[in-house]
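The structure file upload-v7.cif is reproduced below (mmCIF, C-alpha atoms; chains and numbers go by the auth columns).
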```cif
data_entry
loop_
_atom_site.group_PDB
_atom_site.id
_atom_site.type_symbol
_atom_site.label_atom_id
_atom_site.label_comp_id
_atom_site.label_asym_id
_atom_site.label_seq_id
_atom_site.Cartn_x
_atom_site.Cartn_y
_atom_site.Cartn_z
_atom_site.B_iso_or_equiv
_atom_site.auth_seq_id
_atom_site.auth_asym_id
ATOM 1 C CA MET A 1 11.173 22.877 7.650 0.00 1 A
ATOM 2 C CA LYS A 2 11.800 23.848 4.055 0.00 2 A
ATOM 3 C CA THR A 3 9.680 22.268 1.384 0.00 3 A
ATOM 4 C CA ALA A 4 11.121 20.653 -1.720 0.00 4 A
ATOM 5 C CA GLN A 5 9.759 20.646 -5.221 0.00 5 A
ATOM 6 C CA LEU A 6 9.101 17.550 -7.294 0.00 6 A
ATOM 7 C CA PRO A 7 10.164 17.672 -10.922 0.00 7 A
ATOM 8 C CA PRO A 8 7.461 18.686 -13.385 0.00 8 A
ATOM 9 C CA VAL A 9 5.793 15.808 -15.190 0.00 9 A
ATOM 10 C CA ARG A 10 4.620 16.088 -18.757 0.00 10 A
ATOM 11 C CA VAL A 11 1.425 14.227 -19.592 0.00 11 A
ATOM 12 C CA GLU A 12 -1.006 14.111 -22.459 0.00 12 A
ATOM 13 C CA PRO A 13 -3.886 16.592 -22.163 0.00 13 A
ATOM 14 C CA SER A 14 -6.296 13.649 -21.862 0.00 14 A
ATOM 15 C CA VAL A 15 -4.422 12.350 -18.784 0.00 15 A
ATOM 16 C CA ARG A 16 -4.571 15.752 -17.129 0.00 16 A
ATOM 17 C CA ALA A 17 -8.293 16.038 -17.943 0.00 17 A
ATOM 18 C CA GLU A 18 -8.949 12.592 -16.472 0.00 18 A
ATOM 19 C CA ILE A 19 -7.117 13.476 -13.258 0.00 19 A
ATOM 20 C CA GLU A 20 -8.904 16.816 -12.985 0.00 20 A
ATOM 21 C CA SER A 21 -12.243 15.045 -13.437 0.00 21 A
ATOM 22 C CA VAL A 22 -11.714 13.111 -10.181 0.00 22 A
ATOM 23 C CA LEU A 23 -10.467 15.947 -7.985 0.00 23 A
ATOM 24 C CA ARG A 24 -12.484 16.446 -4.830 0.00 24 A
ATOM 25 C CA GLN A 25 -14.071 19.774 -4.050 0.00 25 A
ATOM 26 C CA GLY A 26 -11.344 22.222 -3.065 0.00 26 A
ATOM 27 C CA GLU A 27 -8.538 19.812 -3.993 0.00 27 A
ATOM 28 C CA SER A 28 -5.839 21.134 -6.302 0.00 28 A
ATOM 29 C CA LEU A 29 -3.996 19.187 -8.954 0.00 29 A
ATOM 30 C CA SER A 30 -0.796 19.669 -6.940 0.00 30 A
ATOM 31 C CA GLN A 31 -2.404 18.194 -3.823 0.00 31 A
ATOM 32 C CA PHE A 32 -3.639 15.214 -5.826 0.00 32 A
ATOM 33 C CA VAL A 33 -0.204 14.597 -7.355 0.00 33 A
ATOM 34 C CA GLU A 34 1.494 14.889 -3.953 0.00 34 A
ATOM 35 C CA GLN A 35 -0.948 12.452 -2.352 0.00 35 A
ATOM 36 C CA ALA A 36 -0.662 9.995 -5.254 0.00 36 A
ATOM 37 C CA THR A 37 3.133 10.157 -5.080 0.00 37 A
ATOM 38 C CA VAL A 38 3.207 9.541 -1.333 0.00 38 A
ATOM 39 C CA GLN A 39 0.788 6.613 -1.671 0.00 39 A
ATOM 40 C CA ALA A 40 2.847 5.082 -4.496 0.00 40 A
ATOM 41 C CA ALA A 41 6.002 5.359 -2.386 0.00 41 A
ATOM 42 C CA GLN A 42 4.219 3.749 0.597 0.00 42 A
ATOM 43 C CA ARG A 43 3.002 0.874 -1.618 0.00 43 A
ATOM 44 C CA ARG A 44 6.506 0.280 -2.943 0.00 44 A
ATOM 45 C CA LYS A 45 7.971 0.334 0.552 0.00 45 A
ATOM 46 C CA ALA A 46 5.340 -2.165 1.732 0.00 46 A
ATOM 47 C CA GLN A 47 6.111 -4.397 -1.264 0.00 47 A
ATOM 48 C CA GLN A 48 9.839 -4.263 -0.542 0.00 48 A
ATOM 49 C CA GLU A 49 9.244 -5.111 3.132 0.00 49 A
ATOM 50 C CA PHE A 50 6.940 -7.986 2.123 0.00 50 A
ATOM 51 C CA LEU A 51 9.587 -9.411 -0.202 0.00 51 A
ATOM 52 C CA GLU A 52 12.255 -9.051 2.469 0.00 52 A
ATOM 53 C CA ARG A 53 10.082 -10.910 5.004 0.00 53 A
ATOM 54 C CA GLY A 54 9.552 -13.643 2.408 0.00 54 A
ATOM 55 C CA ARG A 55 13.288 -13.952 1.753 0.00 55 A
ATOM 56 C CA GLU A 56 14.003 -14.108 5.493 0.00 56 A
ATOM 57 C CA SER A 57 11.314 -16.764 5.921 0.00 57 A
ATOM 58 C CA LEU A 58 12.808 -18.818 3.097 0.00 58 A
ATOM 59 C CA GLU A 59 16.252 -18.602 4.700 0.00 59 A
ATOM 60 C CA ARG A 60 14.835 -19.712 8.072 0.00 60 A
ATOM 61 C CA ALA A 61 13.095 -22.635 6.381 0.00 61 A
ATOM 62 C CA LYS A 62 16.306 -23.642 4.608 0.00 62 A
ATOM 63 C CA ARG A 63 18.284 -23.503 7.870 0.00 63 A
ATOM 64 C CA SER A 64 15.689 -25.414 9.879 0.00 64 A
ATOM 65 C CA GLY A 65 14.514 -27.748 7.126 0.00 65 A
ATOM 66 C CA GLN A 66 10.943 -27.024 8.243 0.00 66 A
ATOM 67 C CA TYR A 67 8.597 -26.137 5.405 0.00 67 A
ATOM 68 C CA TYR A 68 4.812 -25.700 5.358 0.00 68 A
ATOM 69 C CA SER A 69 2.483 -26.624 2.553 0.00 69 A
ATOM 70 C CA VAL A 70 0.387 -24.001 0.824 0.00 70 A
ATOM 71 C CA ASN A 71 -2.749 -25.621 2.247 0.00 71 A
ATOM 72 C CA ASP A 72 -1.369 -25.480 5.803 0.00 72 A
ATOM 73 C CA ALA A 73 -0.514 -21.800 5.398 0.00 73 A
ATOM 74 C CA LEU A 74 -3.920 -20.969 3.890 0.00 74 A
ATOM 75 C CA ASP A 75 -5.712 -22.931 6.611 0.00 75 A
ATOM 76 C CA ALA A 76 -3.811 -21.013 9.298 0.00 76 A
ATOM 77 C CA MET A 77 -4.652 -17.667 7.666 0.00 77 A
ATOM 78 C CA GLN A 78 -8.313 -18.679 7.322 0.00 78 A
ATOM 79 C CA ALA A 79 -8.436 -19.653 10.995 0.00 79 A
ATOM 80 C CA ARG A 80 -6.986 -16.262 11.985 0.00 80 A
ATOM 81 C CA LEU A 81 -9.504 -14.461 9.782 0.00 81 A
ATOM 82 C CA ASP A 82 -12.401 -16.515 11.126 0.00 82 A
ATOM 83 C CA GLY A 83 -11.336 -15.745 14.698 0.00 83 A
ATOM 84 C CA ARG A 84 -11.152 -12.018 14.040 0.00 84 A
ATOM 85 C CA LEU A 85 -14.522 -12.003 12.308 0.00 85 A
ATOM 86 C CA ARG A 86 -16.014 -13.963 15.208 0.00 86 A
ATOM 87 C CA ASN A 87 -14.545 -11.460 17.707 0.00 87 A
ATOM 88 C CA LYS A 88 -15.922 -8.571 15.680 0.00 88 A
ATOM 89 C CA ARG A 89 -19.406 -10.144 15.554 0.00 89 A
ATOM 90 C CA ASP A 90 -19.287 -10.871 19.289 0.00 90 A
ATOM 91 C CA SER A 91 -18.239 -7.282 20.037 0.00 91 A
ATOM 92 C CA ALA A 92 -21.031 -5.897 17.857 0.00 92 A
ATOM 93 C CA ALA A 93 -23.613 -8.206 19.440 0.00 93 A
ATOM 94 C CA SER A 94 -22.638 -7.194 22.973 0.00 94 A
ATOM 95 C CA SER A 95 -22.827 -3.465 22.196 0.00 95 A
#
```

As structure tokens, what does this structure read like?
Amino acid sequence: MKTAQLPPVRVEPSVRAEIESVLRQGESLSQFVEQATVQAAQRRKAQQEFLERGRESLERAKRSGQYYSVNDALDAMQARLDGRLRNKRDSAASS
């Protein structure tokens, strides 16, 4: 597969120096920029999907007339988290 080139980005020398100061051993500036770009795109995609799920949920609630309070939603999330933490502790204890 052919590779494509991203457009060059002009930055202040201080920005470039700051980025170069955090490069890992053997990592090039190009590799860092590519990785940062991919991660930014993944974050934006996840945000868009999150918003879409929220809009769909709102539409379902409007159609059904069934809404949940913030406290009910937080309690349900806390219960799920507590259960997963309990399972993780139990798995670690039995190992």

Could you pull the residues within 10 Å of Glu34 of chain A, counting all atoms listed in the file, minus those fewer than 6 positions along the same chain, as a PDB file with C-alpha atoms, keeping the file's coordinate frame?
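In the end it all went to out17.pdb:
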```pdb
ATOM      1  CA  LEU A   6       9.101  17.550  -7.294  1.00  0.00           C
ATOM      2  CA  SER A  28      -5.839  21.134  -6.302  1.00  0.00           C
ATOM      3  CA  ALA A  40       2.847   5.082  -4.496  1.00  0.00           C
TER       4      ALA A  40
END
```

Would you kindly return, as a ChimeraX atom specification, each protein, DNA or RNA residue with an atom no farther than 9 Å from any atom of Leu29 of chain A, considering all atoms listed in the file and excluding same-chain residues fewer than 2 positions away?
/A:16,19-20,23,27,31-34

Please, could you write that set of residues out with C-alpha atoms as a PDB file, in the coordinates of the input?
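Result file again.pdb:
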```
ATOM      1  CA  ARG A  16      -4.571  15.752 -17.129  1.00  0.00           C
ATOM      2  CA  ILE A  19      -7.117  13.476 -13.258  1.00  0.00           C
ATOM      3  CA  GLU A  20      -8.904  16.816 -12.985  1.00  0.00           C
ATOM      4  CA  LEU A  23     -10.467  15.947  -7.985  1.00  0.00           C
ATOM      5  CA  GLU A  27      -8.538  19.812  -3.993  1.00  0.00           C
ATOM      6  CA  GLN A  31      -2.404  18.194  -3.823  1.00  0.00           C
ATOM      7  CA  PHE A  32      -3.639  15.214  -5.826  1.00  0.00           C
ATOM      8  CA  VAL A  33      -0.204  14.597  -7.355  1.00  0.00           C
ATOM      9  CA  GLU A  34       1.494  14.889  -3.953  1.00  0.00           C
TER      10      GLU A  34
END
```

Please report the interatomic distance between atom CA of Pro7 of chain A and atom CA of Ser30 of chain A in Å with one decimal.
11.8 Å

How many Å lie between atom CA of Val11 of chain A and atom CA of Thr37 of chain A, rounded to one decimal?
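Going from atom CA of Val11 of chain A over to atom CA of Thr37 of chain A covers 15.2 Å.
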
One decimal, in Å: what's the spacing between atom CA of Ala4 of chain A and atom CA of Arg44 of chain A?
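So the answer is 20.9 Å.
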
To box segment 61-65 of chain A, take all atoms listed in the file, fit an axis-aligned box, add 4 Å on each side, and give centre and edge lengths in Å to one decimal, as lines of an AutoDock Vina configuration file.
```
center_x = 15.7
center_y = -25.2
center_z = 7.2
size_x = 13.2
size_y = 13.1
size_z = 13.3
```

Since the input lacks some atoms of segment 3-14 of chain A, please model all heavy atoms and print them as a PDB file, in the frame of the given file.
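The result, stored in part_24.pdb:
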```
ATOM      1  N   THR A   3      10.319  23.228   2.283  1.00  0.00           N
ATOM      2  CA  THR A   3       9.680  22.268   1.384  1.00  0.00           C
ATOM      3  C   THR A   3      10.558  22.074   0.165  1.00  0.00           C
ATOM      4  O   THR A   3      11.403  22.903  -0.143  1.00  0.00           O
ATOM      5  CB  THR A   3       8.289  22.771   0.939  1.00  0.00           C
ATOM      6  OG1 THR A   3       8.449  24.013   0.264  1.00  0.00           O
ATOM      7  CG2 THR A   3       7.359  22.932   2.123  1.00  0.00           C
ATOM      8  N   ALA A   4      10.378  20.949  -0.493  1.00  0.00           N
ATOM      9  CA  ALA A   4      11.121  20.653  -1.720  1.00  0.00           C
ATOM     10  C   ALA A   4      10.126  20.549  -2.857  1.00  0.00           C
ATOM     11  O   ALA A   4       8.929  20.342  -2.647  1.00  0.00           O
ATOM     12  CB  ALA A   4      11.878  19.344  -1.565  1.00  0.00           C
ATOM     13  N   GLN A   5      10.633  20.689  -4.054  1.00  0.00           N
ATOM     14  CA  GLN A   5       9.759  20.646  -5.221  1.00  0.00           C
ATOM     15  C   GLN A   5      10.035  19.373  -6.003  1.00  0.00           C
ATOM     16  O   GLN A   5      11.189  18.991  -6.209  1.00  0.00           O
ATOM     17  CB  GLN A   5      10.018  21.866  -6.096  1.00  0.00           C
ATOM     18  CG  GLN A   5       9.036  22.023  -7.224  1.00  0.00           C
ATOM     19  CD  GLN A   5       9.214  23.368  -7.927  1.00  0.00           C
ATOM     20  OE1 GLN A   5       9.980  24.219  -7.505  1.00  0.00           O
ATOM     21  NE2 GLN A   5       8.505  23.543  -9.009  1.00  0.00           N
ATOM     22  N   LEU A   6       8.963  18.703  -6.422  1.00  0.00           N
ATOM     23  CA  LEU A   6       9.101  17.550  -7.294  1.00  0.00           C
ATOM     24  C   LEU A   6       9.313  18.037  -8.720  1.00  0.00           C
ATOM     25  O   LEU A   6       8.841  19.119  -9.079  1.00  0.00           O
ATOM     26  CB  LEU A   6       7.838  16.676  -7.236  1.00  0.00           C
ATOM     27  CG  LEU A   6       7.573  15.966  -5.913  1.00  0.00           C
ATOM     28  CD1 LEU A   6       6.230  15.263  -5.953  1.00  0.00           C
ATOM     29  CD2 LEU A   6       8.677  14.969  -5.612  1.00  0.00           C
ATOM     30  N   PRO A   7       9.981  17.239  -9.536  1.00  0.00           N
ATOM     31  CA  PRO A   7      10.164  17.672 -10.922  1.00  0.00           C
ATOM     32  C   PRO A   7       8.828  17.708 -11.654  1.00  0.00           C
ATOM     33  O   PRO A   7       7.925  16.921 -11.365  1.00  0.00           O
ATOM     34  CB  PRO A   7      11.078  16.595 -11.519  1.00  0.00           C
ATOM     35  CG  PRO A   7      11.035  15.455 -10.587  1.00  0.00           C
ATOM     36  CD  PRO A   7      10.608  15.967  -9.255  1.00  0.00           C
ATOM     37  N   PRO A   8       8.708  18.629 -12.611  1.00  0.00           N
ATOM     38  CA  PRO A   8       7.461  18.686 -13.385  1.00  0.00           C
ATOM     39  C   PRO A   8       7.309  17.417 -14.225  1.00  0.00           C
ATOM     40  O   PRO A   8       8.300  16.814 -14.646  1.00  0.00           O
ATOM     41  CB  PRO A   8       7.630  19.915 -14.269  1.00  0.00           C
ATOM     42  CG  PRO A   8       9.093  20.191 -14.287  1.00  0.00           C
ATOM     43  CD  PRO A   8       9.676  19.623 -13.035  1.00  0.00           C
ATOM     44  N   VAL A   9       6.086  17.017 -14.424  1.00  0.00           N
ATOM     45  CA  VAL A   9       5.793  15.808 -15.190  1.00  0.00           C
ATOM     46  C   VAL A   9       4.941  16.191 -16.386  1.00  0.00           C
ATOM     47  O   VAL A   9       3.883  16.813 -16.236  1.00  0.00           O
ATOM     48  CB  VAL A   9       5.041  14.778 -14.315  1.00  0.00           C
ATOM     49  CG1 VAL A   9       4.708  13.531 -15.104  1.00  0.00           C
ATOM     50  CG2 VAL A   9       5.847  14.439 -13.081  1.00  0.00           C
ATOM     51  N   ARG A  10       5.386  15.805 -17.544  1.00  0.00           N
ATOM     52  CA  ARG A  10       4.620  16.088 -18.757  1.00  0.00           C
ATOM     53  C   ARG A  10       3.684  14.919 -19.029  1.00  0.00           C
ATOM     54  O   ARG A  10       4.100  13.765 -18.991  1.00  0.00           O
ATOM     55  CB  ARG A  10       5.544  16.293 -19.947  1.00  0.00           C
ATOM     56  CG  ARG A  10       6.411  17.522 -19.813  1.00  0.00           C
ATOM     57  CD  ARG A  10       6.917  17.974 -21.171  1.00  0.00           C
ATOM     58  NE  ARG A  10       7.706  19.178 -21.050  1.00  0.00           N
ATOM     59  CZ  ARG A  10       7.193  20.400 -21.005  1.00  0.00           C
ATOM     60  NH1 ARG A  10       5.901  20.587 -21.059  1.00  0.00           N
ATOM     61  NH2 ARG A  10       7.980  21.450 -20.905  1.00  0.00           N
ATOM     62  N   VAL A  11       2.423  15.249 -19.279  1.00  0.00           N
ATOM     63  CA  VAL A  11       1.425  14.227 -19.592  1.00  0.00           C
ATOM     64  C   VAL A  11       0.576  14.709 -20.754  1.00  0.00           C
ATOM     65  O   VAL A  11       0.515  15.906 -21.051  1.00  0.00           O
ATOM     66  CB  VAL A  11       0.513  13.915 -18.374  1.00  0.00           C
ATOM     67  CG1 VAL A  11       1.307  13.315 -17.226  1.00  0.00           C
ATOM     68  CG2 VAL A  11      -0.233  15.151 -17.915  1.00  0.00           C
ATOM     69  N   GLU A  12      -0.082  13.773 -21.378  1.00  0.00           N
ATOM     70  CA  GLU A  12      -1.006  14.111 -22.459  1.00  0.00           C
ATOM     71  C   GLU A  12      -2.164  14.920 -21.871  1.00  0.00           C
ATOM     72  O   GLU A  12      -2.556  14.700 -20.710  1.00  0.00           O
ATOM     73  CB  GLU A  12      -1.555  12.840 -23.108  1.00  0.00           C
ATOM     74  CG  GLU A  12      -0.517  12.021 -23.841  1.00  0.00           C
ATOM     75  CD  GLU A  12       0.004  12.716 -25.076  1.00  0.00           C
ATOM     76  OE1 GLU A  12      -0.777  13.387 -25.776  1.00  0.00           O
ATOM     77  OE2 GLU A  12       1.222  12.598 -25.339  1.00  0.00           O
ATOM     78  N   PRO A  13      -2.740  15.818 -22.650  1.00  0.00           N
ATOM     79  CA  PRO A  13      -3.886  16.592 -22.163  1.00  0.00           C
ATOM     80  C   PRO A  13      -5.030  15.697 -21.668  1.00  0.00           C
ATOM     81  O   PRO A  13      -5.699  16.030 -20.690  1.00  0.00           O
ATOM     82  CB  PRO A  13      -4.308  17.408 -23.379  1.00  0.00           C
ATOM     83  CG  PRO A  13      -3.063  17.544 -24.202  1.00  0.00           C
ATOM     84  CD  PRO A  13      -2.315  16.256 -23.989  1.00  0.00           C
ATOM     85  N   SER A  14      -5.216  14.546 -22.294  1.00  0.00           N
ATOM     86  CA  SER A  14      -6.296  13.649 -21.862  1.00  0.00           C
ATOM     87  C   SER A  14      -6.038  13.092 -20.467  1.00  0.00           C
ATOM     88  O   SER A  14      -6.975  12.893 -19.684  1.00  0.00           O
ATOM     89  CB  SER A  14      -6.472  12.503 -22.863  1.00  0.00           C
ATOM     90  OG  SER A  14      -5.286  11.730 -22.946  1.00  0.00           O
TER      91      SER A  14
END
```
